[in-house]
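structure_24.txt (compact mmCIF, C-alpha atoms)
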```
# COMPACT_ATOMS: atom_id res chain seq x y z
CA MET O 1 61.89 -22.05 -50.03
CA GLU O 2 61.92 -24.20 -53.18
CA ARG O 3 64.83 -26.31 -52.00
CA ASN O 4 63.30 -27.41 -48.72
CA ILE O 5 63.23 -30.79 -47.01
CA SER O 6 59.51 -31.05 -46.33
CA ASP O 7 58.30 -34.66 -46.31
CA LYS O 8 61.76 -35.99 -47.21
CA ALA O 9 62.44 -37.51 -43.79
CA ALA O 10 60.37 -39.42 -41.26
CA ILE O 11 60.66 -40.31 -37.59
CA VAL O 12 60.30 -44.07 -37.23
CA GLY O 13 61.47 -44.82 -33.69
CA ILE O 14 61.18 -43.15 -30.29
CA GLY O 15 62.69 -44.05 -26.94
CA ASN O 16 63.00 -42.79 -23.38
CA THR O 17 64.71 -44.06 -20.28
CA GLU O 18 62.90 -43.73 -16.98
CA PHE O 19 63.01 -40.23 -15.54
CA SER O 20 64.37 -39.71 -12.04
CA LYS O 21 66.36 -37.45 -9.74
CA ASP O 22 69.14 -40.02 -9.29
CA SER O 23 69.62 -42.46 -12.17
CA GLY O 24 72.42 -44.35 -10.48
CA ARG O 25 74.28 -44.79 -13.76
CA SER O 26 76.40 -42.90 -16.24
CA GLU O 27 75.08 -40.50 -18.85
CA LEU O 28 76.55 -42.81 -21.50
CA SER O 29 74.46 -45.65 -20.16
CA LEU O 30 71.36 -43.45 -20.34
CA ALA O 31 72.16 -42.41 -23.93
CA ALA O 32 72.70 -45.99 -25.08
CA GLU O 33 69.52 -47.13 -23.36
CA ALA O 34 67.41 -44.39 -24.96
CA VAL O 35 68.82 -45.02 -28.44
CA LYS O 36 68.37 -48.79 -28.13
CA ALA O 37 64.75 -48.26 -27.07
CA ALA O 38 64.17 -46.07 -30.14
CA LEU O 39 65.78 -48.64 -32.43
CA ASP O 40 63.68 -51.42 -30.93
CA ASP O 41 60.57 -49.28 -31.40
CA ALA O 42 61.42 -48.91 -35.09
CA GLY O 43 62.41 -52.55 -35.56
CA LEU O 44 65.97 -51.57 -36.48
CA LYS O 45 69.39 -52.74 -35.31
CA PRO O 46 72.35 -50.65 -34.13
CA SER O 47 74.17 -51.73 -37.29
CA ASP O 48 71.52 -49.86 -39.33
CA VAL O 49 72.57 -46.50 -37.86
CA ASP O 50 74.88 -44.40 -40.04
CA GLY O 51 74.34 -40.97 -38.51
CA MET O 52 74.09 -39.31 -35.10
CA VAL O 53 73.11 -35.83 -33.91
CA THR O 54 73.10 -34.42 -30.41
CA PHE O 55 73.64 -31.22 -28.42
CA THR O 56 77.01 -29.52 -28.03
CA ILE O 57 76.44 -29.72 -24.27
CA ASP O 58 75.76 -33.47 -24.30
CA GLN O 59 78.61 -35.30 -22.57
CA ASN O 60 78.24 -38.46 -24.64
CA GLU O 61 80.59 -38.59 -27.59
CA GLU O 62 79.11 -40.08 -30.75
CA VAL O 63 81.92 -42.58 -31.04
CA ASP O 64 81.26 -43.80 -27.50
CA VAL O 65 77.53 -44.16 -28.06
CA ALA O 66 78.13 -45.93 -31.38
CA ARG O 67 80.67 -48.31 -29.89
CA THR O 68 78.50 -49.04 -26.86
CA LEU O 69 75.53 -49.92 -29.06
CA GLY O 70 77.49 -51.85 -31.66
CA CYS O 71 77.00 -49.53 -34.63
CA ASN O 72 79.00 -49.84 -37.83
CA ASP O 73 80.55 -46.94 -39.77
CA LEU O 74 79.02 -43.48 -39.33
CA SER O 75 78.82 -41.26 -42.42
CA PHE O 76 77.33 -38.28 -40.62
CA PHE O 77 77.54 -36.72 -37.16
CA ALA O 78 76.74 -33.22 -35.96
CA ARG O 79 76.04 -31.17 -32.84
CA VAL O 80 73.80 -28.18 -32.25
CA PRO O 81 74.50 -25.51 -29.60
CA TYR O 82 72.38 -23.40 -27.24
CA GLY O 83 70.98 -25.90 -24.78
CA GLY O 84 67.25 -26.48 -25.14
CA GLY O 85 67.25 -24.37 -28.28
CA ALA O 86 68.97 -27.30 -29.98
CA ALA O 87 66.15 -29.86 -29.69
CA THR O 88 64.46 -29.40 -33.05
CA GLY O 89 67.74 -28.11 -34.50
CA CYS O 90 69.05 -31.65 -34.05
CA LEU O 91 65.98 -32.92 -35.89
CA LEU O 92 66.71 -30.42 -38.68
CA GLN O 93 70.26 -31.74 -39.02
CA ALA O 94 69.04 -35.34 -39.13
CA ALA O 95 66.33 -34.54 -41.69
CA MET O 96 68.81 -32.69 -43.92
CA ALA O 97 71.23 -35.61 -43.81
CA VAL O 98 68.51 -38.06 -44.79
CA ALA O 99 66.92 -35.80 -47.42
CA THR O 100 70.26 -35.24 -49.16
CA GLY O 101 71.36 -38.87 -49.01
CA ILE O 102 74.33 -38.22 -46.74
CA ALA O 103 72.93 -40.77 -44.30
CA GLU O 104 69.95 -43.13 -44.26
CA THR O 105 69.28 -43.80 -40.58
CA VAL O 106 70.12 -40.99 -38.15
CA VAL O 107 69.77 -41.02 -34.38
CA VAL O 108 68.96 -37.85 -32.42
CA TYR O 109 69.72 -38.27 -28.72
CA ARG O 110 70.08 -36.35 -25.47
CA ALA O 111 71.01 -37.89 -22.13
CA LEU O 112 71.98 -36.21 -18.88
CA ASN O 113 72.15 -36.56 -15.14
CA GLY O 114 70.59 -33.14 -14.76
CA ARG O 115 69.80 -33.55 -11.09
CA SER O 116 72.31 -35.98 -9.61
CA GLY O 117 75.09 -34.54 -11.81
CA HIS O 118 75.41 -31.07 -13.30
CA ARG O 119 72.41 -28.93 -12.31
CA TYR O 120 71.40 -26.23 -14.78
CA SER O 121 69.78 -24.16 -12.04
CA GLN O 122 73.33 -23.30 -10.94
CA GLY O 123 73.36 -20.88 -13.85
CA VAL O 124 76.45 -18.81 -14.52
CA SER O 125 79.03 -19.68 -11.88
CA GLY O 126 82.70 -20.48 -11.69
CA SER O 127 85.15 -19.62 -14.44
CA LEU O 128 83.80 -18.38 -17.76
CA ILE O 129 86.08 -19.14 -20.67
CA SER O 130 83.84 -18.29 -23.63
CA GLY O 131 82.87 -15.06 -25.35
CA SER O 132 79.56 -15.24 -23.46
CA ALA O 133 81.40 -13.83 -20.46
CA ILE O 134 81.27 -10.45 -22.20
CA HIS O 135 77.49 -10.12 -22.16
CA TYR O 136 76.99 -11.96 -18.88
CA GLY O 137 79.33 -9.43 -17.33
CA TRP O 138 76.69 -6.75 -17.80
CA TYR O 139 74.10 -8.67 -15.75
CA MET O 140 75.93 -10.70 -13.14
CA PRO O 141 76.64 -7.70 -10.83
CA PHE O 142 72.87 -7.23 -10.55
CA GLY O 143 72.23 -10.84 -9.49
CA LEU O 144 71.02 -12.10 -12.87
CA LEU O 145 72.88 -15.41 -12.64
CA THR O 146 70.32 -18.12 -13.43
CA PRO O 147 67.85 -19.00 -16.20
CA ALA O 148 64.98 -18.24 -13.81
CA SER O 149 66.26 -14.69 -13.26
CA TRP O 150 66.70 -14.08 -16.98
CA VAL O 151 63.26 -15.39 -17.90
CA ALA O 152 61.71 -13.46 -15.01
CA THR O 153 63.08 -10.25 -16.54
CA PHE O 154 61.43 -10.96 -19.89
CA THR O 155 58.26 -12.03 -18.10
CA GLN O 156 57.95 -8.77 -16.20
CA ARG O 157 58.11 -6.87 -19.47
CA TYR O 158 55.59 -9.20 -21.14
CA MET O 159 53.17 -8.75 -18.25
CA HIS O 160 53.51 -4.98 -18.51
CA ILE O 161 52.76 -4.73 -22.23
CA SER O 162 50.10 -7.46 -22.43
CA GLY O 163 48.28 -7.20 -19.11
CA CYS O 164 49.03 -10.85 -18.46
CA THR O 165 48.59 -12.05 -14.87
CA PRO O 166 49.73 -15.19 -13.01
CA ASP O 167 46.33 -16.71 -13.83
CA ALA O 168 47.68 -17.58 -17.28
CA PHE O 169 50.90 -19.01 -15.86
CA PHE O 170 48.86 -21.19 -13.53
CA GLU O 171 46.80 -22.52 -16.43
CA VAL O 172 49.95 -23.53 -18.33
CA ALA O 173 51.53 -25.23 -15.34
CA HIS O 174 48.32 -26.83 -14.11
CA SER O 175 47.31 -28.28 -17.46
CA ALA O 176 50.78 -29.85 -17.80
CA ARG O 177 50.53 -31.33 -14.31
CA GLU O 178 47.07 -32.77 -15.00
CA TYR O 179 48.53 -34.61 -17.99
CA ALA O 180 51.47 -35.84 -15.91
CA VAL O 181 49.15 -37.13 -13.21
CA ASN O 182 47.87 -39.64 -15.79
CA ASN O 183 51.31 -40.48 -17.27
CA PRO O 184 53.12 -43.31 -15.43
CA ALA O 185 56.42 -42.21 -17.00
CA ALA O 186 56.16 -38.69 -15.58
CA PHE O 187 58.05 -37.80 -12.42
CA PHE O 188 54.88 -36.18 -11.05
CA TYR O 189 52.61 -39.12 -11.88
CA GLN O 190 49.59 -39.11 -9.52
CA ARG O 191 50.82 -35.93 -7.81
CA PRO O 192 48.36 -33.13 -8.66
CA PHE O 193 48.41 -29.59 -7.35
CA SER O 194 45.64 -27.05 -6.79
CA ARG O 195 45.46 -23.28 -7.28
CA GLU O 196 46.04 -22.94 -3.57
CA ASP O 197 49.20 -25.06 -3.88
CA TYR O 198 50.36 -22.93 -6.80
CA ASP O 199 49.80 -19.65 -4.97
CA ALA O 200 51.63 -20.96 -1.90
CA SER O 201 54.57 -22.43 -3.81
CA LYS O 202 58.04 -21.06 -3.16
CA LYS O 203 58.97 -17.81 -4.86
CA ILE O 204 61.97 -18.27 -7.13
CA CYS O 205 62.36 -14.93 -8.91
CA ALA O 206 59.37 -12.62 -9.22
CA PRO O 207 56.97 -13.33 -10.79
CA LEU O 208 58.08 -16.97 -11.14
CA LYS O 209 57.11 -19.48 -8.49
CA MET O 210 58.53 -22.96 -8.06
CA LEU O 211 55.59 -24.49 -9.95
CA ASP O 212 56.37 -22.20 -12.92
CA CYS O 213 59.83 -23.74 -13.25
CA CYS O 214 60.82 -26.96 -14.98
CA GLN O 215 62.44 -29.87 -13.21
CA GLU O 216 66.04 -30.97 -13.02
CA SER O 217 66.01 -34.53 -14.30
CA ASP O 218 68.14 -37.60 -14.92
CA GLY O 219 67.25 -39.46 -18.10
CA GLY O 220 67.60 -39.81 -21.83
CA SER O 221 65.48 -39.58 -24.98
CA ALA O 222 66.10 -40.47 -28.61
CA VAL O 223 64.37 -40.53 -31.99
CA ILE O 224 65.30 -42.30 -35.23
CA VAL O 225 65.03 -40.49 -38.58
CA THR O 226 65.10 -42.18 -41.98
CA THR O 227 63.63 -41.85 -45.46
CA PRO O 228 59.86 -42.02 -46.00
CA GLU O 229 60.45 -44.92 -48.40
CA ARG O 230 62.21 -46.98 -45.77
CA ALA O 231 59.73 -45.90 -43.13
CA ARG O 232 56.93 -47.72 -44.95
CA ASP O 233 58.63 -51.06 -44.32
CA LEU O 234 59.33 -50.62 -40.63
CA LYS O 235 57.58 -51.61 -37.43
CA GLN O 236 55.85 -48.32 -36.58
CA PRO O 237 53.97 -45.85 -38.80
CA GLY O 238 56.37 -43.18 -39.94
CA VAL O 239 55.79 -39.59 -38.86
CA LEU O 240 56.82 -37.08 -41.50
CA VAL O 241 58.93 -34.02 -40.81
CA ARG O 242 56.62 -31.63 -42.66
CA GLY O 243 58.52 -28.48 -41.75
CA VAL O 244 61.49 -27.76 -39.49
CA ALA O 245 63.49 -24.58 -38.98
CA GLN O 246 65.80 -22.76 -36.61
CA CYS O 247 66.81 -19.13 -36.24
CA SER O 248 69.12 -16.81 -34.36
CA GLY O 249 67.58 -13.36 -34.19
CA LYS O 250 69.15 -9.95 -34.61
CA ASP O 251 70.93 -8.76 -31.45
CA GLN O 252 70.64 -12.28 -30.03
CA GLU O 253 72.41 -13.18 -26.82
CA GLU O 254 72.30 -16.45 -24.92
CA MET O 255 69.30 -16.01 -22.60
CA THR O 256 69.91 -12.30 -21.99
CA SER O 257 68.88 -10.36 -25.12
CA PHE O 258 67.91 -7.37 -23.01
CA TYR O 259 69.09 -4.62 -25.38
CA ARG O 260 66.63 -5.19 -28.18
CA PRO O 261 64.01 -2.54 -28.96
CA GLU O 262 61.39 -4.85 -27.40
CA ILE O 263 61.99 -7.85 -25.11
CA GLY O 264 58.38 -8.95 -24.64
CA SER O 265 58.36 -11.26 -27.68
CA LEU O 266 60.46 -13.91 -29.44
CA PRO O 267 61.50 -12.67 -32.91
CA GLU O 268 63.76 -15.66 -33.53
CA MET O 269 60.91 -18.10 -32.79
CA THR O 270 58.55 -16.10 -35.01
CA HIS O 271 61.05 -16.27 -37.86
CA ALA O 272 61.54 -20.02 -37.40
CA ALA O 273 57.76 -20.49 -37.35
CA ASN O 274 57.35 -18.59 -40.60
CA MET O 275 60.07 -20.70 -42.21
CA ALA O 276 58.54 -23.99 -41.06
CA TYR O 277 55.06 -23.02 -42.24
CA ALA O 278 56.45 -21.90 -45.60
CA GLN O 279 58.26 -25.21 -46.11
CA CYS O 280 55.10 -27.29 -45.92
CA GLY O 281 52.40 -24.78 -46.88
CA LEU O 282 50.56 -25.22 -43.58
CA LYS O 283 49.18 -22.56 -41.27
CA PRO O 284 48.25 -22.36 -37.58
CA ASP O 285 44.72 -23.66 -38.22
CA ASP O 286 46.24 -26.88 -39.58
CA ILE O 287 48.01 -27.69 -36.30
CA ASP O 288 45.96 -30.07 -34.15
CA SER O 289 48.16 -30.43 -31.06
CA ALA O 290 51.48 -29.25 -29.71
CA VAL O 291 54.46 -29.86 -27.49
CA ILE O 292 55.69 -26.40 -26.56
CA TYR O 293 58.99 -26.00 -24.73
CA ASP O 294 58.08 -25.21 -21.14
CA ALA O 295 61.23 -24.60 -19.15
CA PHE O 296 59.10 -21.90 -17.49
CA SER O 297 55.34 -21.47 -17.77
CA PRO O 298 55.35 -17.92 -19.28
CA ILE O 299 57.43 -18.95 -22.29
CA VAL O 300 54.59 -21.16 -23.54
CA LEU O 301 52.48 -18.01 -23.95
CA TRP O 302 55.09 -16.21 -26.04
CA GLN O 303 55.50 -19.22 -28.32
CA LEU O 304 51.76 -19.51 -28.92
CA GLU O 305 51.95 -15.97 -30.28
CA SER O 306 55.07 -16.64 -32.38
CA TRP O 307 53.39 -19.62 -34.07
CA GLY O 308 50.30 -17.57 -34.89
CA PHE O 309 47.71 -19.25 -32.69
CA CYS O 310 46.82 -15.81 -31.35
CA GLY O 311 47.98 -12.23 -31.72
CA ALA O 312 50.67 -10.43 -29.76
CA GLY O 313 49.67 -10.14 -26.12
CA GLU O 314 46.62 -12.40 -26.60
CA ALA O 315 47.99 -15.71 -25.32
CA LYS O 316 46.75 -14.99 -21.81
CA ASP O 317 43.20 -15.12 -23.15
CA PHE O 318 43.90 -17.94 -25.61
CA VAL O 319 44.78 -20.40 -22.84
CA LYS O 320 41.74 -19.58 -20.72
CA GLY O 321 38.86 -22.01 -20.80
CA GLY O 322 41.04 -25.07 -21.32
CA THR O 323 42.57 -24.42 -24.75
CA LEU O 324 45.66 -26.49 -23.86
CA ARG O 325 43.70 -29.36 -22.36
CA ILE O 326 42.71 -32.71 -23.83
CA ASP O 327 39.46 -31.47 -25.40
CA GLY O 328 40.71 -27.95 -26.15
CA ARG O 329 41.64 -26.28 -29.41
CA LEU O 330 45.32 -27.17 -29.01
CA PRO O 331 46.05 -30.04 -26.59
CA THR O 332 49.55 -29.15 -25.43
CA ASN O 333 52.30 -31.00 -23.55
CA THR O 334 50.18 -34.10 -23.16
CA HIS O 335 53.10 -35.94 -21.55
CA GLY O 336 53.31 -33.36 -18.75
CA GLY O 337 56.01 -31.28 -20.35
CA GLN O 338 59.31 -30.37 -18.80
CA LEU O 339 57.36 -28.86 -15.95
CA SER O 340 55.89 -32.21 -14.89
CA GLU O 341 57.24 -35.15 -16.95
CA ALA O 342 60.98 -34.52 -17.16
CA TYR O 343 63.53 -32.01 -18.39
CA ILE O 344 65.47 -33.72 -21.17
CA HIS O 345 66.10 -30.46 -22.99
CA GLY O 346 63.03 -30.96 -25.16
CA VAL O 347 63.88 -34.27 -26.85
CA ASN O 348 61.28 -36.05 -24.73
CA GLY O 349 58.94 -33.46 -26.26
CA ILE O 350 59.78 -34.67 -29.77
CA VAL O 351 59.03 -38.20 -28.56
CA GLU O 352 55.61 -37.06 -27.33
CA ALA O 353 54.79 -35.14 -30.53
CA VAL O 354 55.45 -38.37 -32.47
CA ARG O 355 53.09 -40.20 -30.13
CA GLN O 356 50.40 -37.57 -30.71
CA VAL O 357 50.58 -38.11 -34.47
CA ARG O 358 50.73 -41.89 -34.09
CA GLY O 359 47.73 -41.77 -31.77
CA THR O 360 49.55 -43.47 -28.89
CA SER O 361 49.94 -40.77 -26.24
CA VAL O 362 48.81 -41.84 -22.79
CA ASN O 363 46.74 -38.63 -22.93
CA GLN O 364 45.75 -38.92 -26.58
CA PRO O 365 43.43 -36.08 -27.67
CA LYS O 366 39.94 -37.13 -28.69
CA LYS O 367 40.29 -35.62 -32.17
CA THR O 368 42.46 -36.91 -35.01
CA ILE O 369 45.95 -35.46 -34.90
CA ASN O 370 47.15 -34.94 -38.45
CA HIS O 371 49.79 -32.35 -37.54
CA ALA O 372 51.60 -31.69 -34.28
CA LEU O 373 53.93 -28.82 -33.48
CA VAL O 374 57.03 -29.25 -31.32
CA THR O 375 59.29 -26.35 -30.31
CA SER O 376 62.69 -25.76 -28.76
CA GLY O 377 63.95 -23.61 -25.90
CA VAL O 378 63.64 -19.84 -25.92
CA GLY O 379 65.90 -16.95 -24.98
CA VAL O 380 68.49 -18.57 -27.22
CA PRO O 381 68.70 -19.37 -30.94
CA THR O 382 65.77 -21.72 -31.36
CA GLY O 383 63.34 -23.41 -33.72
CA GLY O 384 60.48 -25.80 -34.14
CA ALA O 385 59.09 -28.60 -36.24
CA ILE O 386 55.74 -29.59 -37.67
CA LEU O 387 55.21 -33.36 -37.70
CA GLY O 388 52.50 -35.07 -39.71
CA LYS O 389 50.95 -38.36 -40.70
CA MET O 390 52.25 -40.26 -43.70
CA ALA O 391 49.70 -40.82 -46.47
```
Represent the supplied structure as structure tokens.
Amino acid sequence: MERNISDKAAIVGIGNTEFSKDSGRSELSLAAEAVKAALDDAGLKPSDVDGMVTFTIDQNEEVDVARTLGCNDLSFFARVPYGGGAATGCLLQAAMAVATGIAETVVVYRALNGRSGHRYSQGVSGSLISGSAIHYGWYMPFGLLTPASWVATFTQRYMHISGCTPDAFFEVAHSAREYAVNNPAAFFYQRPFSREDYDASKKICAPLKMLDCCQESDGGSAVIVTTPERARDLKQPGVLVRGVAQCSGKDQEEMTSFYRPEIGSLPEMTHAANMAYAQCGLKPDDIDSAVIYDAFSPIVLWQLESWGFCGAGEAKDFVKGGTLRIDGRLPTNTHGGQLSEAYIHGVNGIVEAVRQVRGTSVNQPKKTINHALVTSGVGVPTGGAILGKMA
């Protein structure tokens, strides 16, 4: 790990659009709006941008976003696959470009009409033209067609080996909603739910209930990455990328890695965590807060274990007693997460992790946040990043 990029890039601007179920405008408009908000936050101009990174599934071509904003020449552009697994992977690409001098000011963006346009809850349907059709063909005849059904399969196994019950899932979902209730930008602002509401919520795919599942959202999010040297002269305090990594595990499939020796854990996330910690020399005790990818409530538990906050099978106990809440050991998803703020494939989570380190979250933890963790989607090749204050 000698040739790593720790502390060689900083996030200097963050931006979101509003989050809705019907944006009333194109995804390109949402992308441009989010990027412009991030540039304004940093005190930069579109002409300062010389790099762009987004998801392979994002419908907004870099050239279109650049032209819409009024950017000049781009010296770097890249895309990362695997849906929500790409969130911090995009940050990794941006940080590498900046650290190596390929680009100086790189935008990471994601924008989608995920409710009024293409809905990801539709899962695998229609014609499949990729190699993924091979492995999906093993599961589709049994009704495993959607992300909820795939995650439910892993969840059943995790519950069996760990003794986890829906009490832990409720705590994850409820703590996220309590944060969202206080966040005017969240779709579920001022809309709490009780344990009774949770228990009565619609069953999606056992054991997952509706309140265990993330939203389908319209919106966009963006962050700006540049050098630490330049960051010192900009409008906002820079937030260092202390460690960032991604991994595809052995026998990995896209959401359906059911033929591994054990499916009740996330080996690819564990490997990415070990890489990120090794880059910056930090350990779990050094992490003050987190934004953990919460497409479904159980996956937060598995990630807590992968990042070493507790042992295998212990996350159910770790979250009890308010660990994820504002005054807990690890305030988590203080924006409301994808369960209760919006589902922007995790990039709005990077925005919130930056706010935690800056000290500007609407639900800012009472303690000083020197280091915040942010992770990407699971069930796919994934990763995470540790963000920290600049000295």
### Message
Between atom CA of Ala353 of chain O and atom CA of Asn333 of chain O, what is the distance in Å, rounded to a tenth?
### Response
8.5 Å
## Note on the structure
From the list O:Ser306, O:Ser376, O:Ser221, O:Ser149, the nearest residue to Asn16 of chain O using all atoms listed in the file is O:Ser221
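Of the listed residues O:His174, O:Lys45, O:Arg25, O:Arg67, the one whose atoms come nearest to Gly220 of chain O is O:Arg25, with distances taken using all atoms listed in the file.
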Each residue of segment 178-293 of chain O lying at most 8 Å from segment 99-106 of chain O should get a row with its shortest atom-to-atom pair and the distance in Å to one decimal, counting all atoms listed in the file; could you produce that, ordered by chain and increasing number, as a Markdown table?
```
| residue | atom | partner | partner_atom | distance |
| --- | --- | --- | --- | --- |
| O:Ile224 | CA | O:Val106 | CA | 5.8 |
| O:Val225 | CA | O:Val106 | CA | 5.1 |
| O:Thr226 | CA | O:Thr105 | CA | 4.7 |
| O:Thr227 | CA | O:Glu104 | CA | 6.6 |
```
### Expected answer as a ChimeraX atom specification: all residues with atoms within 10 Å of (75.3, -46.0, -29.1), all atoms listed in the file
/O:28-36,46,49,52,60-71,107,109
### Task
Name all residues at most 9 Å from Ala152 of chain O (count only C-alpha atoms; drop same-chain ones fewer than 6 positions away) and give them as a PyMOL selection string.
chain O and resi 205-208+298
Go ahead and save the residues from that selection, with C-alpha atoms, as a compact mmCIF listing (two decimals), in the coordinates of the input.
```txt
# COMPACT_ATOMS: atom_id res chain seq x y z
CA CYS O 205 62.36 -14.93 -8.91
CA ALA O 206 59.37 -12.62 -9.22
CA PRO O 207 56.97 -13.33 -10.79
CA LEU O 208 58.08 -16.97 -11.14
CA PRO O 298 55.35 -17.92 -19.28
```
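Using all atoms listed in the file, the shortest contact distance between Leu339 of chain O and any of O:Gln236, O:Ser265, O:Gln252, O:Gln215 is found at O:Gln215.
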### Task
Would you mind telling me which residue in O:Phe193, O:Tyr158, O:Tyr293, O:Phe258 lies nearest to Ala86 of chain O when using all atoms listed in the file?
O:Tyr293
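Taking only C-alpha atoms, the non-local environment of segment 175-180 of chain O within 8 Å (same-chain residues fewer than 6 positions away omitted) comprises Ala186, Phe187, Phe188, Tyr189, Gln190, Arg191, Pro192, Phe193, Leu324, Arg325, Thr332, Asn333, Thr334, His335, Gly336, Gly337, Leu339, Ser340, Glu341 and Asn363 of chain O.
Remark: for Ala42 of chain O, the closest of the candidate residues O:Ile14, O:Ala185, O:Ala168, O:Ala200 is O:Ile14 (distances computed over all atoms listed in the file).
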Name all residues at most 12 Å from Tyr277 of chain O (count only C-alpha atoms; drop same-chain ones fewer than 3 positions away) and give them as a PDB file with C-alpha atoms, keeping the file's coordinate frame.
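Result written to out30.pdb:
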```pdb
ATOM      1  CA  MET O   1      61.890 -22.050 -50.030  1.00  0.00           C
ATOM      2  CA  ASN O   4      63.300 -27.410 -48.720  1.00  0.00           C
ATOM      3  CA  SER O   6      59.510 -31.050 -46.330  1.00  0.00           C
ATOM      4  CA  VAL O 241      58.930 -34.020 -40.810  1.00  0.00           C
ATOM      5  CA  ARG O 242      56.620 -31.630 -42.660  1.00  0.00           C
ATOM      6  CA  GLY O 243      58.520 -28.480 -41.750  1.00  0.00           C
ATOM      7  CA  VAL O 244      61.490 -27.760 -39.490  1.00  0.00           C
ATOM      8  CA  ALA O 245      63.490 -24.580 -38.980  1.00  0.00           C
ATOM      9  CA  THR O 270      58.550 -16.100 -35.010  1.00  0.00           C
ATOM     10  CA  HIS O 271      61.050 -16.270 -37.860  1.00  0.00           C
ATOM     11  CA  ALA O 272      61.540 -20.020 -37.400  1.00  0.00           C
ATOM     12  CA  ALA O 273      57.760 -20.490 -37.350  1.00  0.00           C
ATOM     13  CA  ASN O 274      57.350 -18.590 -40.600  1.00  0.00           C
ATOM     14  CA  CYS O 280      55.100 -27.290 -45.920  1.00  0.00           C
ATOM     15  CA  GLY O 281      52.400 -24.780 -46.880  1.00  0.00           C
ATOM     16  CA  LEU O 282      50.560 -25.220 -43.580  1.00  0.00           C
ATOM     17  CA  LYS O 283      49.180 -22.560 -41.270  1.00  0.00           C
ATOM     18  CA  PRO O 284      48.250 -22.360 -37.580  1.00  0.00           C
ATOM     19  CA  ASP O 285      44.720 -23.660 -38.220  1.00  0.00           C
ATOM     20  CA  ASP O 286      46.240 -26.880 -39.580  1.00  0.00           C
ATOM     21  CA  ILE O 287      48.010 -27.690 -36.300  1.00  0.00           C
ATOM     22  CA  SER O 306      55.070 -16.640 -32.380  1.00  0.00           C
ATOM     23  CA  TRP O 307      53.390 -19.620 -34.070  1.00  0.00           C
ATOM     24  CA  GLY O 308      50.300 -17.570 -34.890  1.00  0.00           C
ATOM     25  CA  HIS O 371      49.790 -32.350 -37.540  1.00  0.00           C
ATOM     26  CA  LEU O 373      53.930 -28.820 -33.480  1.00  0.00           C
ATOM     27  CA  GLY O 383      63.340 -23.410 -33.720  1.00  0.00           C
ATOM     28  CA  GLY O 384      60.480 -25.800 -34.140  1.00  0.00           C
ATOM     29  CA  ALA O 385      59.090 -28.600 -36.240  1.00  0.00           C
ATOM     30  CA  ILE O 386      55.740 -29.590 -37.670  1.00  0.00           C
ATOM     31  CA  LEU O 387      55.210 -33.360 -37.700  1.00  0.00           C
TER      32      LEU O 387
END
```
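Distance annotation: of O:Gln303, O:Thr17, O:Thr368, O:Thr256, the residue with the minimal separation from Ser289 of chain O is O:Thr368; atom set is all atoms listed in the file.
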### Message
Give me the residues near Ser26 of chain O as a list in words, where near means some atom within 10 Å (using only C-alpha atoms) and where sequence neighbours in that chain fewer than 6 positions away do not count.
### Response
Asn60, Ala111, Leu112, Asn113, Gly117, Asp218 and Gly219 of chain O
How about saving the chosen residues, C-alpha atoms kept, as an mmCIF file, in the coordinates of the input?
```cif
data_model
loop_
_atom_site.group_PDB
_atom_site.id
_atom_site.type_symbol
_atom_site.label_atom_id
_atom_site.label_comp_id
_atom_site.auth_asym_id
_atom_site.auth_seq_id
_atom_site.Cartn_x
_atom_site.Cartn_y
_atom_site.Cartn_z
ATOM 1 C CA ASN O 60 78.240 -38.460 -24.640
ATOM 2 C CA ALA O 111 71.010 -37.890 -22.130
ATOM 3 C CA LEU O 112 71.980 -36.210 -18.880
ATOM 4 C CA ASN O 113 72.150 -36.560 -15.140
ATOM 5 C CA GLY O 117 75.090 -34.540 -11.810
ATOM 6 C CA ASP O 218 68.140 -37.600 -14.920
ATOM 7 C CA GLY O 219 67.250 -39.460 -18.100
#
```
Tell me, counting all atoms listed in the file, for each residue of segment 171-289 of chain O within 12 Å of segment 77-85 of chain O, which pair of atoms is nearest and how far apart they are in Å to one decimal, in rows ordered by chain and increasing number, as a Markdown table.
```
| residue | atom | partner | partner_atom | distance |
| --- | --- | --- | --- | --- |
| O:Ala245 | CA | O:Gly85 | CA | 11.3 |
| O:Gln246 | CA | O:Gly85 | CA | 8.6 |
| O:Cys247 | CA | O:Gly85 | CA | 9.5 |
| O:Ser248 | CA | O:Gly85 | CA | 9.9 |
| O:Gln252 | CA | O:Tyr82 | CA | 11.6 |
| O:Glu253 | CA | O:Tyr82 | CA | 10.2 |
| O:Glu254 | CA | O:Tyr82 | CA | 7.3 |
| O:Met255 | CA | O:Tyr82 | CA | 9.3 |
| O:Glu268 | CA | O:Gly85 | CA | 10.8 |
| O:Met269 | CA | O:Gly85 | CA | 10.0 |
| O:Ala272 | CA | O:Gly85 | CA | 11.6 |
```
Find the smallest box with edges along x, y and z containing every listed atom of segment 47-64 of chain O, then add 3 Å on each side and report centre and edge lengths in Å to one decimal, as JSON.
```
{"center_x": 76.7, "center_y": -40.6, "center_z": -31.3, "size_x": 16.4, "size_y": 28.2, "size_z": 23.5}
```
### Message
Counting all atoms listed in the file, find residues at most 12 Å from (74.2, -33.3, -10.0) (file frame) and give them as a PyMOL selection string.
### Response
chain O and resi 20-24+26-27+112-122+216-218
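When atom CA of Ala312 of chain O is paired with atom CA of Leu266 of chain O, their separation reads 10.4 Å.
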### Query
Just how far from atom CA of Asp58 of chain O is atom CA of Arg110 of chain O, in Å to one decimal?
6.5 Å
